[in-house]
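J.: Contents of run-v1.txt (compact mmCIF, C-alpha atoms and all ligand atoms):
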```txt
# COMPACT_ATOMS: atom_id res chain seq x y z
CA MET T 1 21.45 -82.72 -12.28
CA ASP T 2 23.65 -81.22 -14.99
CA ARG T 3 23.63 -77.60 -16.16
CA GLN T 4 21.23 -78.30 -19.01
CA ASP T 5 18.70 -80.01 -16.73
CA PHE T 6 18.99 -77.13 -14.28
CA ALA T 7 18.43 -74.61 -17.05
CA SER T 8 15.35 -76.47 -18.29
CA LEU T 9 13.98 -76.64 -14.74
CA MET T 10 14.36 -72.87 -14.40
CA LEU T 11 12.70 -72.44 -17.80
CA LYS T 12 9.70 -74.30 -16.40
CA VAL T 13 9.60 -71.85 -13.50
CA GLN T 14 9.86 -68.99 -16.00
CA ASP T 15 6.99 -70.39 -18.09
CA ILE T 16 4.79 -70.72 -15.01
CA ALA T 17 5.76 -67.23 -13.87
CA GLU T 18 4.75 -65.75 -17.21
CA ALA T 19 1.72 -67.90 -18.03
CA VAL T 20 0.13 -68.32 -14.60
CA VAL T 21 1.69 -66.10 -11.94
CA ALA T 22 1.79 -62.82 -13.88
CA PRO T 23 -1.86 -62.82 -15.02
CA ASN T 24 -3.01 -63.46 -11.43
CA ALA T 25 -0.69 -61.03 -9.63
CA THR T 26 -2.95 -57.98 -9.66
CA ALA T 27 -5.93 -59.95 -8.34
CA VAL T 28 -3.83 -61.68 -5.67
CA ASP T 29 -2.79 -58.23 -4.41
CA ALA T 30 -6.19 -56.57 -4.73
CA GLU T 31 -8.13 -59.39 -3.10
CA ALA T 32 -5.43 -60.52 -0.64
CA GLY T 33 -6.00 -63.99 -2.08
CA TRP T 34 -3.58 -66.87 -1.64
CA PRO T 35 -1.87 -67.45 -5.04
CA GLU T 36 -3.37 -70.87 -5.56
CA ALA T 37 -3.07 -71.02 -9.37
CA GLY T 38 0.68 -70.38 -9.31
CA ILE T 39 1.37 -72.77 -6.45
CA ARG T 40 -0.64 -75.58 -8.05
CA ALA T 41 1.12 -75.04 -11.40
CA LEU T 42 4.50 -75.33 -9.65
CA GLN T 43 3.35 -78.52 -7.93
CA ARG T 44 2.10 -80.00 -11.21
CA GLU T 45 5.54 -79.48 -12.74
CA GLY T 46 7.24 -81.36 -9.90
CA LEU T 47 8.67 -78.25 -8.28
CA GLY T 48 7.09 -79.03 -4.91
CA GLY T 49 10.09 -81.26 -4.26
CA LEU T 50 12.66 -78.69 -5.46
CA VAL T 51 14.85 -78.91 -2.33
CA VAL T 52 13.91 -82.43 -1.23
CA PRO T 53 16.86 -84.84 -1.69
CA ALA T 54 16.73 -87.03 -4.80
CA ALA T 55 16.93 -90.11 -2.54
CA TYR T 56 13.47 -89.16 -1.20
CA GLY T 57 12.01 -88.51 -4.66
CA GLY T 58 12.77 -84.78 -4.87
CA LYS T 59 14.79 -82.68 -7.30
CA GLY T 60 17.70 -82.63 -4.85
CA HIS T 61 18.47 -78.93 -5.16
CA GLY T 62 19.69 -76.51 -2.54
CA LEU T 63 19.91 -72.79 -1.95
CA TYR T 64 21.07 -71.78 -5.42
CA ALA T 65 18.02 -73.28 -7.11
CA LEU T 66 15.78 -71.80 -4.42
CA ALA T 67 17.28 -68.34 -4.99
CA ARG T 68 16.79 -68.58 -8.74
CA ALA T 69 13.24 -69.95 -8.55
CA CYS T 70 12.12 -67.30 -6.03
CA GLU T 71 13.81 -64.58 -8.08
CA ILE T 72 11.96 -65.63 -11.24
CA LEU T 73 8.61 -65.85 -9.44
CA GLY T 74 9.31 -62.65 -7.49
CA GLN T 75 9.67 -60.72 -10.75
CA GLU T 76 5.96 -61.30 -11.32
CA CYS T 77 4.47 -61.70 -7.83
CA ALA T 78 6.36 -61.49 -4.54
CA SER T 79 3.55 -63.26 -2.67
CA THR T 80 3.68 -66.30 -4.92
CA ALA T 81 7.46 -66.39 -4.55
CA ILE T 82 7.35 -66.26 -0.74
CA CYS T 83 4.49 -68.78 -0.47
CA PHE T 84 6.48 -71.18 -2.64
CA GLY T 85 9.69 -70.28 -0.80
CA MET T 86 8.15 -71.00 2.60
CA HIS T 87 6.96 -74.38 1.33
CA CYS T 88 10.55 -75.09 0.29
CA VAL T 89 11.88 -73.96 3.69
CA GLY T 90 9.40 -76.28 5.42
CA SER T 91 10.25 -79.18 3.14
CA SER T 92 13.99 -78.66 3.68
CA VAL T 93 13.44 -78.77 7.46
CA ILE T 94 11.46 -82.01 7.17
CA SER T 95 14.10 -83.47 4.83
CA ALA T 96 17.06 -82.64 7.07
CA ASN T 97 16.66 -85.67 9.34
CA ALA T 98 13.59 -87.39 7.94
CA THR T 99 12.76 -90.84 9.28
CA PRO T 100 11.51 -93.41 6.71
CA ASP T 101 8.01 -92.83 8.08
CA GLN T 102 8.30 -89.04 7.59
CA GLN T 103 9.68 -89.59 4.11
CA ALA T 104 6.63 -91.66 3.22
CA ARG T 105 4.00 -89.46 4.89
CA PHE T 106 5.33 -85.98 4.09
CA LEU T 107 8.14 -85.97 1.55
CA ALA T 108 6.61 -88.42 -0.95
CA PRO T 109 3.38 -86.39 -1.31
CA ILE T 110 5.41 -83.15 -1.40
CA CYS T 111 7.45 -84.49 -4.32
CA GLU T 112 4.32 -85.81 -6.04
CA GLY T 113 2.74 -82.35 -5.86
CA ARG T 114 0.05 -83.37 -3.39
CA HIS T 115 1.26 -81.62 -0.25
CA ILE T 116 2.19 -78.05 0.73
CA THR T 117 4.03 -77.44 3.96
CA THR T 118 5.23 -74.27 5.62
CA LEU T 119 7.01 -72.82 8.63
CA SER T 120 5.26 -71.78 11.80
CA LEU T 121 7.87 -70.28 14.14
CA SER T 122 7.05 -66.65 15.01
CA GLU T 123 5.03 -65.82 18.08
CA ALA T 124 3.52 -62.54 19.26
CA GLY T 125 5.29 -62.83 22.61
CA THR T 126 8.86 -63.12 21.29
CA GLY T 127 8.32 -61.18 18.02
CA VAL T 128 11.32 -61.05 15.73
CA HIS T 129 13.17 -63.51 17.98
CA PHE T 130 11.65 -66.36 16.02
CA TYR T 131 14.11 -68.84 17.54
CA LEU T 132 12.50 -68.40 21.00
CA PRO T 133 9.18 -70.26 20.91
CA GLN T 134 6.93 -70.36 23.93
CA THR T 135 4.45 -72.81 22.46
CA THR T 136 4.69 -75.89 24.66
CA MET T 137 4.94 -79.55 23.78
CA GLU T 138 3.97 -82.05 26.44
CA ALA T 139 4.12 -85.84 26.21
CA VAL T 140 0.58 -87.12 26.80
CA SER T 141 1.25 -90.79 26.03
CA ASP T 142 4.09 -92.97 24.77
CA ASP T 143 3.24 -92.05 21.21
CA ALA T 144 1.77 -88.53 21.31
CA PHE T 145 2.45 -84.94 22.31
CA SER T 146 0.05 -82.14 23.08
CA LEU T 147 0.88 -78.65 21.69
CA THR T 148 -0.42 -75.41 23.16
CA GLY T 149 0.43 -71.86 22.12
CA ASN T 150 -0.03 -69.11 19.56
CA LYS T 151 1.90 -68.63 16.32
CA THR T 152 1.76 -65.46 14.24
CA PHE T 153 2.36 -64.54 10.60
CA VAL T 154 2.19 -68.16 9.39
CA THR T 155 2.61 -67.76 5.63
CA ASN T 156 0.41 -70.25 3.72
CA GLY T 157 -1.67 -70.23 6.91
CA GLY T 158 -4.89 -72.22 6.53
CA LYS T 159 -3.81 -73.29 3.02
CA ALA T 160 -0.96 -75.74 3.69
CA ASP T 161 -1.36 -79.46 4.36
CA SER T 162 1.12 -79.40 7.24
CA TYR T 163 2.95 -76.92 9.47
CA VAL T 164 6.50 -77.20 10.77
CA VAL T 165 5.97 -75.81 14.27
CA SER T 166 8.66 -74.86 16.80
CA VAL T 167 7.95 -75.71 20.42
CA VAL T 168 9.57 -75.72 23.82
CA ALA T 169 9.37 -78.65 26.22
CA ALA T 170 6.60 -78.21 28.80
CA SER T 171 8.08 -80.65 31.30
CA PRO T 172 9.54 -78.93 34.40
CA GLU T 173 12.44 -81.43 34.28
CA ALA T 174 13.38 -80.47 30.72
CA PRO T 175 16.53 -78.35 30.32
CA ILE T 176 15.72 -74.64 29.94
CA GLY T 177 15.24 -73.71 26.30
CA GLN T 178 14.84 -77.25 25.02
CA PHE T 179 13.36 -76.48 21.63
CA SER T 180 12.06 -78.87 19.00
CA CYS T 181 10.39 -78.80 15.61
CA ILE T 182 7.40 -81.00 14.89
CA VAL T 183 5.12 -81.45 11.87
CA VAL T 184 1.49 -80.62 12.63
CA PRO T 185 -1.02 -81.88 10.04
CA ALA T 186 -3.53 -79.26 8.89
CA ASP T 187 -6.47 -81.40 10.00
CA ALA T 188 -5.22 -81.92 13.58
CA GLU T 189 -7.93 -81.09 16.09
CA GLY T 190 -7.48 -77.95 18.17
CA ILE T 191 -6.04 -75.61 15.51
CA ARG T 192 -7.81 -72.28 15.22
CA TRP T 193 -6.96 -69.74 12.54
CA GLY T 194 -7.10 -65.97 12.99
CA ALA T 195 -8.56 -63.50 10.53
CA ASN T 196 -7.44 -63.42 6.91
CA TRP T 197 -4.14 -61.64 6.30
CA GLU T 198 -4.55 -58.01 5.29
CA GLY T 199 -1.05 -56.60 4.80
CA LEU T 200 0.12 -53.37 3.26
CA GLY T 201 1.97 -55.55 0.77
CA MET T 202 2.73 -59.25 0.35
CA ARG T 203 -1.02 -59.46 0.35
CA GLY T 204 -1.30 -62.97 -1.06
CA ASN T 205 0.76 -64.53 1.71
CA SER T 206 -2.10 -65.69 3.93
CA SER T 207 0.23 -64.97 6.88
CA ARG T 208 -2.25 -65.77 9.62
CA THR T 209 -2.32 -66.35 13.35
CA MET T 210 -2.48 -70.00 14.37
CA GLU T 211 -3.77 -70.94 17.79
CA LEU T 212 -2.91 -74.42 19.05
CA GLN T 213 -5.15 -75.58 21.88
CA GLY T 214 -3.92 -78.94 23.16
CA VAL T 215 -3.28 -80.15 19.61
CA ARG T 216 -2.45 -83.85 19.74
CA VAL T 217 0.40 -84.76 17.40
CA PRO T 218 1.95 -88.22 16.97
CA ARG T 219 5.47 -88.53 18.43
CA ARG T 220 6.64 -89.85 15.04
CA ASN T 221 6.13 -86.32 13.64
CA LEU T 222 9.00 -84.97 15.76
CA LEU T 223 11.89 -83.78 13.57
CA GLY T 224 15.25 -85.02 14.81
CA LYS T 225 15.61 -85.48 18.52
CA GLU T 226 13.84 -83.50 21.22
CA GLY T 227 15.76 -80.28 21.76
CA ASP T 228 17.32 -80.24 18.27
CA GLN T 229 15.71 -76.96 17.24
CA ILE T 230 18.76 -74.75 17.41
CA TRP T 231 20.55 -77.14 15.07
CA TYR T 232 17.61 -76.79 12.65
CA ILE T 233 17.53 -73.00 13.02
CA PHE T 234 21.13 -72.40 12.00
CA ASN T 235 21.67 -75.28 9.61
CA VAL T 236 18.41 -75.35 7.73
CA VAL T 237 15.76 -72.77 8.65
CA LEU T 238 17.97 -69.70 8.55
CA PRO T 239 19.81 -70.38 5.28
CA TYR T 240 16.72 -71.54 3.40
CA PHE T 241 14.47 -68.80 4.78
CA LEU T 242 17.02 -66.05 4.11
CA ILE T 243 17.67 -67.16 0.56
CA ALA T 244 13.96 -67.58 -0.21
CA MET T 245 13.46 -63.97 0.88
CA ALA T 246 16.60 -62.73 -0.86
CA GLY T 247 15.54 -64.36 -4.16
CA THR T 248 11.99 -63.02 -3.90
CA PHE T 249 12.96 -59.41 -3.23
CA LEU T 250 15.76 -59.55 -5.79
CA GLY T 251 13.06 -60.45 -8.31
CA ALA T 252 11.00 -57.44 -7.18
CA ALA T 253 14.03 -55.14 -7.51
CA THR T 254 14.74 -56.48 -11.00
CA THR T 255 11.19 -55.70 -12.11
CA ALA T 256 11.33 -52.19 -10.64
CA LEU T 257 14.57 -51.52 -12.51
CA GLU T 258 13.00 -52.74 -15.75
CA GLU T 259 9.91 -50.56 -15.19
CA ALA T 260 12.20 -47.54 -14.85
CA ARG T 261 14.26 -48.49 -17.92
CA ARG T 262 11.14 -48.95 -20.02
CA HIS T 263 9.63 -45.68 -18.91
CA LEU T 264 12.79 -43.73 -19.68
CA SER T 265 13.03 -45.39 -23.10
CA ARG T 266 9.42 -44.70 -24.06
CA ARG T 267 8.70 -41.28 -22.61
CA TYR T 268 9.09 -38.35 -25.00
CA HIS T 269 8.37 -34.71 -24.23
CA THR T 270 6.50 -32.85 -26.94
CA HIS T 271 8.23 -29.51 -26.39
CA THR T 272 11.70 -30.95 -27.05
CA GLY T 273 10.86 -34.07 -29.02
CA SER T 274 13.52 -35.90 -27.02
CA SER T 275 13.29 -39.01 -24.92
CA LEU T 276 13.99 -39.17 -21.18
CA ALA T 277 16.56 -41.79 -22.16
CA GLN T 278 18.69 -38.91 -23.43
CA ALA T 279 18.81 -37.01 -20.12
CA SER T 280 22.21 -37.61 -18.60
CA VAL T 281 21.06 -37.23 -15.00
CA LEU T 282 18.48 -39.98 -15.58
CA GLN T 283 21.05 -42.16 -17.35
CA HIS T 284 23.27 -41.73 -14.30
CA ARG T 285 20.50 -42.63 -11.88
CA LEU T 286 19.47 -45.72 -13.86
CA GLY T 287 23.09 -46.84 -14.10
CA THR T 288 23.46 -46.54 -10.33
CA LEU T 289 20.36 -48.68 -9.76
CA TRP T 290 21.57 -51.33 -12.21
CA GLY T 291 24.82 -51.64 -10.29
CA MET T 292 22.94 -51.95 -7.02
CA VAL T 293 20.75 -54.79 -8.31
CA GLU T 294 23.57 -56.58 -10.08
CA ARG T 295 26.02 -56.61 -7.16
CA THR T 296 23.24 -57.81 -4.86
CA ARG T 297 22.35 -60.56 -7.32
CA ARG T 298 25.98 -61.69 -7.44
CA LEU T 299 26.21 -61.74 -3.63
CA THR T 300 23.00 -63.78 -3.39
CA TYR T 301 24.12 -66.33 -6.00
CA HIS T 302 27.57 -66.54 -4.41
CA ALA T 303 26.15 -67.02 -0.89
CA ALA T 304 23.70 -69.69 -2.04
CA ALA T 305 26.29 -71.60 -4.09
CA SER T 306 28.84 -71.46 -1.24
CA PHE T 307 26.30 -72.92 1.16
CA ASP T 308 25.46 -75.70 -1.31
CA ALA T 309 29.19 -76.42 -1.67
CA GLY T 310 29.49 -76.83 2.12
CA ASP T 311 31.62 -73.74 2.79
CA PRO T 312 31.61 -73.42 6.63
CA ASP T 313 31.65 -69.59 6.40
CA SER T 314 28.75 -69.37 3.96
CA LEU T 315 26.13 -68.43 6.57
CA THR T 316 27.70 -64.98 6.91
CA ALA T 317 27.31 -64.41 3.17
CA VAL T 318 23.76 -65.79 3.27
CA MET T 319 22.84 -63.35 6.05
CA ALA T 320 24.49 -60.49 4.15
CA ALA T 321 22.56 -61.42 1.00
CA LYS T 322 19.20 -60.93 2.72
CA VAL T 323 20.31 -57.63 4.28
CA GLU T 324 21.70 -56.25 1.03
CA VAL T 325 18.67 -57.35 -0.97
CA ALA T 326 16.39 -55.61 1.55
CA ASP T 327 18.32 -52.35 1.18
CA CYS T 328 18.45 -52.80 -2.58
CA VAL T 329 14.76 -53.51 -3.17
CA VAL T 330 13.52 -50.63 -1.01
CA THR T 331 15.92 -48.17 -2.67
CA VAL T 332 15.44 -49.40 -6.22
CA VAL T 333 11.64 -49.49 -6.10
CA ASN T 334 11.57 -46.06 -4.48
CA GLU T 335 13.95 -44.57 -7.03
CA ALA T 336 12.14 -46.29 -9.91
CA MET T 337 8.97 -44.56 -8.77
CA THR T 338 10.73 -41.21 -9.00
CA LEU T 339 12.04 -42.05 -12.47
CA CYS T 340 8.59 -43.12 -13.66
CA GLY T 341 7.03 -39.87 -12.43
CA GLY T 342 3.29 -39.55 -11.92
CA ILE T 343 2.62 -42.63 -14.05
CA GLY T 344 4.48 -44.82 -11.55
CA TYR T 345 2.78 -43.15 -8.60
CA ARG T 346 -0.74 -43.95 -9.87
CA LYS T 347 -2.75 -46.48 -7.93
CA GLY T 348 -2.67 -49.76 -9.81
CA SER T 349 0.76 -49.16 -11.35
CA ARG T 350 3.18 -52.04 -11.02
CA LEU T 351 5.43 -49.92 -8.82
CA HIS T 352 2.54 -49.23 -6.49
CA ARG T 353 2.40 -52.96 -5.58
CA LEU T 354 6.19 -53.35 -5.64
CA LEU T 355 6.68 -50.48 -3.20
CA ARG T 356 4.27 -52.05 -0.71
CA ASP T 357 5.76 -55.55 -1.15
CA ALA T 358 9.33 -54.26 -0.83
CA ARG T 359 8.71 -52.78 2.63
CA ALA T 360 8.37 -56.30 4.06
CA ALA T 361 11.99 -57.09 3.20
CA HIS T 362 13.46 -55.26 6.20
CA LEU T 363 10.92 -56.41 8.75
CA MET T 364 10.53 -60.08 7.93
CA SER T 365 12.61 -61.82 10.54
CA PRO T 366 15.55 -62.02 10.90
CA THR T 367 15.26 -58.29 10.33
CA THR T 368 17.98 -56.12 8.84
CA ASP T 369 19.13 -54.82 12.24
CA ILE T 370 19.31 -58.28 13.76
CA LEU T 371 21.18 -59.72 10.79
CA ARG T 372 23.74 -56.90 10.80
CA VAL T 373 24.46 -57.63 14.45
CA TRP T 374 24.78 -61.35 13.71
CA ILE T 375 27.10 -60.72 10.76
CA GLY T 376 29.32 -58.60 13.04
CA ARG T 377 29.30 -61.30 15.68
CA ALA T 378 30.21 -63.97 13.12
CA LEU T 379 33.16 -61.85 11.96
CA LEU T 380 34.29 -61.34 15.54
CA GLY T 381 33.94 -65.00 16.46
CA GLN T 382 31.17 -64.19 18.97
CA PRO T 383 28.15 -66.48 19.47
CA LEU T 384 25.28 -65.23 17.29
CA LEU T 385 22.68 -65.54 20.04
CA SER T 386 24.57 -63.78 22.81
CA ASP T 387 21.68 -61.62 24.11
C1 LIG R 401 4.55 -60.81 5.30
C2 LIG R 401 5.12 -61.57 6.45
C3 LIG R 401 5.27 -62.95 6.36
C4 LIG R 401 5.78 -63.70 7.43
N1 LIG R 401 5.87 -65.07 7.31
C5 LIG R 401 6.26 -65.80 8.39
C6 LIG R 401 6.23 -67.24 8.36
O1 LIG R 401 5.87 -67.85 7.34
N2 LIG R 401 6.58 -67.93 9.45
C7 LIG R 401 6.97 -67.32 10.58
O2 LIG R 401 7.28 -68.01 11.53
N3 LIG R 401 7.01 -65.94 10.66
C8 LIG R 401 6.65 -65.19 9.59
N4 LIG R 401 6.65 -63.81 9.68
C9 LIG R 401 7.03 -63.17 10.92
C10 LIG R 401 8.25 -62.29 10.79
O3 LIG R 401 9.33 -63.00 10.28
C11 LIG R 401 8.62 -61.59 12.10
O4 LIG R 401 8.97 -62.49 13.07
C12 LIG R 401 7.53 -60.76 12.58
O5 LIG R 401 7.16 -59.85 11.57
C13 LIG R 401 7.95 -60.05 13.85
O6 LIG R 401 7.08 -59.02 14.05
P1 LIG R 401 6.88 -58.25 15.40
O7 LIG R 401 5.83 -57.28 15.03
O8 LIG R 401 6.58 -59.12 16.54
O9 LIG R 401 8.27 -57.51 15.63
P2 LIG R 401 8.92 -56.96 16.99
O10 LIG R 401 9.53 -58.08 17.73
O11 LIG R 401 7.93 -56.11 17.69
O12 LIG R 401 10.10 -56.04 16.41
C14 LIG R 401 9.88 -54.69 15.96
C15 LIG R 401 11.17 -54.09 15.49
O13 LIG R 401 12.11 -54.06 16.58
C16 LIG R 401 13.32 -54.66 16.21
N5 LIG R 401 13.87 -55.44 17.31
C17 LIG R 401 13.20 -56.28 18.14
N6 LIG R 401 14.04 -56.78 19.07
C18 LIG R 401 15.26 -56.25 18.84
C19 LIG R 401 16.52 -56.36 19.46
N7 LIG R 401 16.73 -57.11 20.54
N8 LIG R 401 17.57 -55.68 18.93
C20 LIG R 401 17.39 -54.88 17.84
N9 LIG R 401 16.20 -54.73 17.22
C21 LIG R 401 15.16 -55.40 17.70
C22 LIG R 401 12.99 -55.59 15.05
O14 LIG R 401 14.12 -55.76 14.21
C23 LIG R 401 11.85 -54.86 14.36
O15 LIG R 401 12.36 -53.97 13.43
C24 LIG R 401 6.16 -63.04 8.60
C25 LIG R 401 6.01 -61.63 8.70
C26 LIG R 401 5.50 -60.91 7.66
C27 LIG R 401 5.32 -59.42 7.80
```
Go through the file and emit its structure as structure tokens.
T.:
Amino acid sequence: MDRQDFASLMLKVQDIAEAVVAPNATAVDAEAGWPEAGIRALQREGLGGLVVPAAYGGKGHGLYALARACEILGQECASTAICFGMHCVGSSVISANATPDQQARFLAPICEGRHITTLSLSEAGTGVHFYLPQTTMEAVSDDAFSLTGNKTFVTNGGKADSYVVSVVAASPEAPIGQFSCIVVPADAEGIRWGANWEGLGMRGNSSRTMELQGVRVPRRNLLGKEGDQIWYIFNVVLPYFLIAMAGTFLGAATTALEEARRHLSRRYHTHTGSSLAQASVLQHRLGTLWGMVERTRRLTYHAAASFDAGDPDSLTAVMAAKVEVADCVVTVVNEAMTLCGGIGYRKGSRLHRLLRDARAAHLMSPTTDILRVWIGRALLGQPLLSD
């Protein structure tokens, strides 16, 4: 795809963000409703296959396009951006080593806008250590496995058509820590969903608990070979997940900055007749925030583009992008609220939602603390998972 095609694809995302996502954002937040209208509009425009290779019918994009799309959506509604982002992460995991059968059953409908997938890794037992599943997968016949365990915070939970689930081999002969990823169709028997998601922010995510009770899944749904999960985690899940989050929260930070800029431009005091835009301390504060957002944006774009170009060191930059965006969005939204005064602090203000959404940036795994340790390890040539 050339630059012009890419630009027109992003314009489509922009149109959807303005025409569909923005008008629904307040209700999505207030009602903790899954952002169906926005997701369906993206599917209708062929964006469901954004990161699916062109050879499988997708748009063939990578991290850079994912960052840009999530950023655009995140400017209007962080939940819509993450729900779409998680679908893209799931579809990139399926695409990584898809068999012809998986291409036909999952990737074709994804590209045709008929299928939403998502990632189901986290578990209550291992918490932020999302790469340590305890859900078991046991061979029950030559052509089927049985899955048992509990997943938590499954974004798009109960709404997707399939779930990319991480599992550990149940067999006592299996090597310790033999992880795999497998696609579980939404209608598989034995799935039970927990209560609706009620978060402080990111309220449209439908990030629900998923209980798997002896769920029978065809062997042909296994992604790659048994025990391949760590390969998936570092080569696909981590980069795509981190950049989806980085793009989303970058979008939120951009909107907060704009809210502050607009307020300072419009607000006049009657006793002086002058605008807040003329107060040098406020000019200074706004300028500082702009620099924070802009340097984070550049890091995110650089990290995503380096990964797409195959730079072997790009994962460090990708990890740093998510960390820096998390710091940036929390600071910028918080500061924007100060700059917007009581108007920003009112319930129902845009910053009210942004502040709650932004708090998820540090705690969505891999969390800021974990990523900083991993970045240090990468720089020191230490294995990332050394504890
Ligand atoms: C809105 C939202 C959406 C999500 N979507 C998904 C999804 O789609 N799919 C999915 O699989 N998961 C998802 N998650 C799960 C998420 O990524 C985390 O795995 C989850 O929030 C972990 O929560 P916990 O309460 O178990 O954390 P805990 O494990 O209890 O951790 C609590 C704190 O301790 C810190 N900590 C824990 N262990 C260590 C350590 N060894 N060293 C240093 N610090 C440590 C953590 O960084 C964290 O700050 C989502 C979570 C949220 C909030």
J.: Draw an axis-aligned box over all listed atoms of range 313-328 of chain T, pad each side with 4 Å, and write its centre and edge lengths in Å, one decimal, as JSON.
T.:
```
{"center_x": 24.0, "center_y": -61.0, "center_z": 2.2, "size_x": 23.3, "size_y": 25.2, "size_z": 17.5}
```
J.: As a PyMOL selection string, please: every protein or nucleic acid residue near ligand LIG 401 (chain R) (cut-off 9 Å, counting all atoms listed in the file).
T.: chain T and resi 79+82-83+86-87+118-130+151-157+165-166+197+199-208+357+360-371+373+387
J.: Could you pull the residues within 10 Å of Gly38 in chain T, counting all atoms listed in the file, minus those fewer than 6 positions along the same chain, as JSON, numbers by chain?
T.: {"T": [13, 16, 17, 19, 20, 21, 22, 23, 24, 25, 44, 73, 77, 80, 81, 83, 84]}
J.: Output C-alpha atoms for every residue in that selection, as an mmCIF file, in the frame of the given file.
T.:
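Written output follows (selection.cif):
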```
data_model
loop_
_atom_site.group_PDB
_atom_site.id
_atom_site.type_symbol
_atom_site.label_atom_id
_atom_site.label_comp_id
_atom_site.auth_asym_id
_atom_site.auth_seq_id
_atom_site.Cartn_x
_atom_site.Cartn_y
_atom_site.Cartn_z
ATOM 1 C CA VAL T 13 9.600 -71.850 -13.500
ATOM 2 C CA ILE T 16 4.790 -70.720 -15.010
ATOM 3 C CA ALA T 17 5.760 -67.230 -13.870
ATOM 4 C CA ALA T 19 1.720 -67.900 -18.030
ATOM 5 C CA VAL T 20 0.130 -68.320 -14.600
ATOM 6 C CA VAL T 21 1.690 -66.100 -11.940
ATOM 7 C CA ALA T 22 1.790 -62.820 -13.880
ATOM 8 C CA PRO T 23 -1.860 -62.820 -15.020
ATOM 9 C CA ASN T 24 -3.010 -63.460 -11.430
ATOM 10 C CA ALA T 25 -0.690 -61.030 -9.630
ATOM 11 C CA ARG T 44 2.100 -80.000 -11.210
ATOM 12 C CA LEU T 73 8.610 -65.850 -9.440
ATOM 13 C CA CYS T 77 4.470 -61.700 -7.830
ATOM 14 C CA THR T 80 3.680 -66.300 -4.920
ATOM 15 C CA ALA T 81 7.460 -66.390 -4.550
ATOM 16 C CA CYS T 83 4.490 -68.780 -0.470
ATOM 17 C CA PHE T 84 6.480 -71.180 -2.640
#
```
J.: Between T:Gly247, T:Gly48, T:Glu76, T:Gly85, which has the minimum distance to Ala108 in chain T (counting all atoms listed in the file)?
T.: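 Of T:Gly247, T:Gly48, T:Glu76, T:Gly85, the one nearest Ala108 in chain T is T:Gly48, counting all atoms listed in the file.
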J.: Would you mind reading off the distance between CA of Gly194 in chain T and CA of Thr209 in chain T, one decimal, in Å?
T.: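 Calculated distance between CA of Gly194 in chain T and CA of Thr209 in chain T is 4.8 Å.
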J.: Of the candidates T:Gln229, T:Ser180, T:Gln103, T:Asn334, which one gets nearest to Ala252 in chain T if we count all atoms listed in the file?
T.: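 Smallest separation from Ala252 in chain T among the options: T:Asn334.
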J.: Mind pulling up the distance from CA of Gly46 in chain T to CA of Glu31 in chain T?
T.: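 Calculated distance between CA of Glu31 in chain T and CA of Gly46 in chain T is 27.7 Å.
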J.: Counting only C-alpha atoms, which of T:Ala317, T:Ala144, T:Leu107, T:Val323 gets nearest to Pro53 in chain T?
T.: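 Once distances to Pro53 in chain T are computed over only C-alpha atoms, the minimum belongs to T:Leu107.
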J.: Might you pull out every residue within 12 Å of Leu354 in chain T, with all atoms listed in the file counted and same-chain residues fewer than 5 positions away left off, and present them as a tab-separated table (two decimals) with C-alpha atoms, in the frame of the given file?
T.:
```
chain	number	residue	atom	x	y	z
T	25	ALA	CA	-0.69	-61.03	-9.63
T	26	THR	CA	-2.95	-57.98	-9.66
T	29	ASP	CA	-2.79	-58.23	-4.41
T	74	GLY	CA	9.31	-62.65	-7.49
T	75	GLN	CA	9.67	-60.72	-10.75
T	76	GLU	CA	5.96	-61.30	-11.32
T	77	CYS	CA	4.47	-61.70	-7.83
T	78	ALA	CA	6.36	-61.49	-4.54
T	79	SER	CA	3.55	-63.26	-2.67
T	200	LEU	CA	0.12	-53.37	3.26
T	201	GLY	CA	1.97	-55.55	0.77
T	202	MET	CA	2.73	-59.25	0.35
T	203	ARG	CA	-1.02	-59.46	0.35
T	248	THR	CA	11.99	-63.02	-3.90
T	249	PHE	CA	12.96	-59.41	-3.23
T	250	LEU	CA	15.76	-59.55	-5.79
T	251	GLY	CA	13.06	-60.45	-8.31
T	252	ALA	CA	11.00	-57.44	-7.18
T	253	ALA	CA	14.03	-55.14	-7.51
T	254	THR	CA	14.74	-56.48	-11.00
T	255	THR	CA	11.19	-55.70	-12.11
T	256	ALA	CA	11.33	-52.19	-10.64
T	257	LEU	CA	14.57	-51.52	-12.51
T	259	GLU	CA	9.91	-50.56	-15.19
T	329	VAL	CA	14.76	-53.51	-3.17
T	330	VAL	CA	13.52	-50.63	-1.01
T	331	THR	CA	15.92	-48.17	-2.67
T	332	VAL	CA	15.44	-49.40	-6.22
T	333	VAL	CA	11.64	-49.49	-6.10
T	334	ASN	CA	11.57	-46.06	-4.48
T	335	GLU	CA	13.95	-44.57	-7.03
T	336	ALA	CA	12.14	-46.29	-9.91
T	337	MET	CA	8.97	-44.56	-8.77
T	344	GLY	CA	4.48	-44.82	-11.55
T	345	TYR	CA	2.78	-43.15	-8.60
T	347	LYS	CA	-2.75	-46.48	-7.93
T	348	GLY	CA	-2.67	-49.76	-9.81
T	349	SER	CA	0.76	-49.16	-11.35
T	359	ARG	CA	8.71	-52.78	2.63
T	360	ALA	CA	8.37	-56.30	4.06
T	361	ALA	CA	11.99	-57.09	3.20
```
J.: Of the candidates T:Glu258, T:Thr338, T:Ile94, T:Ser280, which one gets nearest to Val293 in chain T if we count all atoms listed in the file?
T.: T:Glu258
